[in-house]
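Worksheet: the structure to be examined is printed underneath.
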Amino acid sequence: MSIAPDSIAKAAQGLNALAKQYDGNGESERAEQLYRMAAELELSSAELQDCWGGPLNGQVGRQAIFVDVVGRIRPVSILETGTFRGITTQWFAEHFNGPIHTCEKERMFALEAAARLSRFRNIDLHVADSRQFLENALNQHSEHDPLFIYLDAHWEEDIPLREELRLIFANHPKSIVAIDDFQVPTDFGYGWDNYGPGKSLDLDYLKGVIPDTAQIFFPTLPSSDETGAVRGLCILATELGENLKGCPLLCGARFDEWQRVRNSPVSDLRQQLRSSEERLEVITGERDARLEQIHKLTELVQDFEAEARELGLRMSSLKQSMHT
């Protein structure tokens, strides 16, 4: 009997939480044992090890963008924040021969990623906060080195994205930065992270954080044609922005230009259409649930009527036997 992935993940998270308590009490050896138990538990589930549809959220459009961009800028290294289980990191290593530096602050996930990535010699995995990781990694590169940086460490209450971007653009103008889970202003069919006021990953989040000279790129592929989790993507570039302008998979403009596009009547209509589609999905789901309830009630009534008929026949037979 197989155990459901959700049950495995829940059990692993329980062990992970307990490990953190031991860690906080200074019992690091016991904590490490529990972290490893939690990681091994999740590693036993093929479904968990292929979550979010696979590498880069299982999005073939996003994968094509990566291949095209890396071919255009030829980075000396890839830096990744938010390794998670190492699914995307592995894909990077299969499509890029240079050094890959990646970080994951959750010990349990880092252990899972280490098991997956152990066969790749060009991957350097760190258990660290993304801000500290980036500061150290960027200091090891010249400001003239072209870098591809994939930011995916934003999760739950800790949103380090603004600090990550400031660190990158302060001294490394030749960086190409890709942000996962970002709102695409021309296509609200792409999902994005929204953690509340001031914490929605959209254009407003970038205000005052990126240089005025930065070019902002979004996918040209319609969300309806994308595969996998269909999450939004934003790519930022300063000095290397010109290298991306010929990419047919991306559309680029400055911040103020994208603001005008987002605030245009056409964009408003797209947002309204998306909201209507989401509401229709909810209504359709409620309707289907009610129809299922009606179907079950109908079956119960039919069963009751059949039993009543059977009981009537028995009573009739009993009366006839009493008269004879």
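Naming scheme: A, B, ... for chains in displayed order of the structure tokens; residues 1 onward per chain; ligands 1 onward as shown.
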
If you run DSSP on the backbone, which residues of stretch 141-246 of chain A are alpha helix (DSSP H), as a ChimeraX atom specification?
/A:161-171,203-206,241-244

Determine which residues of stretch 145-240 of chain A receive a DSSP assignment of strand (DSSP E), computed from the backbone, and state them as a compact mmCIF listing (two decimals) with N, CA and C atoms, in the first residue's frame.
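Once everything was written out, this is out.txt:
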```
# COMPACT_ATOMS: atom_id res chain seq x y z
N LEU A 147 26.71 37.26 -15.49
CA LEU A 147 26.14 36.25 -14.60
C LEU A 147 24.67 36.06 -14.92
N PHE A 148 24.19 34.82 -14.78
CA PHE A 148 22.76 34.55 -14.84
C PHE A 148 22.33 34.21 -13.42
N ILE A 149 21.38 34.99 -12.88
CA ILE A 149 20.95 34.82 -11.49
C ILE A 149 19.46 34.53 -11.46
N TYR A 150 19.12 33.39 -10.85
CA TYR A 150 17.73 32.94 -10.77
C TYR A 150 17.26 33.06 -9.34
N LEU A 151 16.30 33.95 -9.09
CA LEU A 151 15.83 34.25 -7.74
C LEU A 151 14.50 33.55 -7.45
N SER A 175 24.78 41.48 -14.80
CA SER A 175 23.94 40.35 -14.38
C SER A 175 22.62 40.35 -15.15
N ILE A 176 22.19 39.14 -15.50
CA ILE A 176 20.83 38.92 -15.99
C ILE A 176 20.08 38.24 -14.85
N VAL A 177 19.02 38.87 -14.39
CA VAL A 177 18.30 38.37 -13.21
C VAL A 177 16.92 37.88 -13.62
N ALA A 178 16.62 36.63 -13.32
CA ALA A 178 15.29 36.05 -13.57
C ALA A 178 14.59 35.86 -12.24
N ILE A 179 13.34 36.36 -12.14
CA ILE A 179 12.56 36.25 -10.91
C ILE A 179 11.36 35.34 -11.16
N ASP A 180 11.28 34.28 -10.39
CA ASP A 180 10.15 33.35 -10.51
C ASP A 180 8.93 33.92 -9.79
N GLN A 215 16.30 47.26 -18.05
CA GLN A 215 15.28 46.77 -18.97
C GLN A 215 14.54 45.62 -18.27
N ILE A 216 13.22 45.60 -18.42
CA ILE A 216 12.39 44.57 -17.80
C ILE A 216 11.76 43.74 -18.90
N PHE A 217 11.96 42.43 -18.84
CA PHE A 217 11.47 41.54 -19.88
C PHE A 217 10.43 40.57 -19.32
N PHE A 218 9.41 40.30 -20.14
CA PHE A 218 8.38 39.32 -19.78
C PHE A 218 8.19 38.36 -20.95
N PRO A 219 7.65 37.17 -20.68
CA PRO A 219 7.45 36.18 -21.75
C PRO A 219 6.45 36.66 -22.80
N LEU A 233 7.11 35.12 -14.92
CA LEU A 233 8.56 35.30 -14.93
C LEU A 233 8.89 36.74 -15.30
N CYS A 234 9.85 37.32 -14.60
CA CYS A 234 10.37 38.64 -14.94
C CYS A 234 11.88 38.52 -15.09
N ILE A 235 12.45 39.13 -16.13
CA ILE A 235 13.89 39.14 -16.32
C ILE A 235 14.37 40.58 -16.35
N LEU A 236 15.41 40.87 -15.57
CA LEU A 236 15.95 42.22 -15.45
C LEU A 236 17.37 42.25 -16.00
N ALA A 237 17.70 43.35 -16.68
CA ALA A 237 19.04 43.50 -17.22
C ALA A 237 19.37 44.98 -17.33
```

Using only C-alpha atoms, which of A:Glu29, A:Asp187, A:Glu42, A:Glu292 sits nearest A:Met108?
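Looking only at the distances to A:Met108, the closest residue turns out to be A:Glu42.
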
Skipping near chain neighbours, those fewer than 5 positions away, what residues fall within 8 Å of A:Lys199 using only C-alpha atoms, listed as a list in words?
Ile159, Asn194 and Tyr205 of chain A

Env of A:Glu226: 8 Å cut, atoms = only C-alpha atoms, seq-sep filter 2 positions within chain, self excluded. Answer as a PyMOL selection string.
chain A and resi 59-61+221-224+228+230

Distance of atom CA of A:Glu27 from atom CA of A:Gly14, expressed in Å to one decimal place
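Here the two named atoms are 17.3 Å from each other.
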
Exercise: A:Gly86 partners within 10 Å, only C-alpha atoms, chain neighbours under 4 positions left out, as number ranges by chain
A: 49-50, 55, 82, 90-92, 102-104, 109-117, 125

How many Å lie between atom CA of A:Gly54 and atom CA of A:Ile100, rounded to one decimal?
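It comes out at 18.8 Å.
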
Quick one: residues within 9 Å of A:Ser142, only C-alpha atoms counted, chain neighbours fewer than 3 positions away excluded, as a list in words?
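Here the qualifying residues turn out to be Leu138, Asn139, Asp145, Pro146, Asn171 and His172 of chain A.
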
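Nearest to A:Ser118 of all the residues A:Thr89, A:Asn136, A:Gln183, A:Ser7 is A:Thr89, based on only C-alpha atoms.
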
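Atom CA of A:Leu79 lies 26.4 Å from atom CA of A:Glu32.
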
Kindly indicate which residue among A:Ile294, A:Leu201, A:Ile73, A:Ala39 lies nearest to A:His154, using only C-alpha atoms for the distances.
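Smallest separation from A:His154 among the options: A:Leu201.
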
Residues at most 8 Å from A:Pro173, counting only C-alpha atoms, excluding those fewer than 2 positions away in the same chain, as an MDAnalysis selection string?
chainID A and resid 143:144 168:171 175 237:240
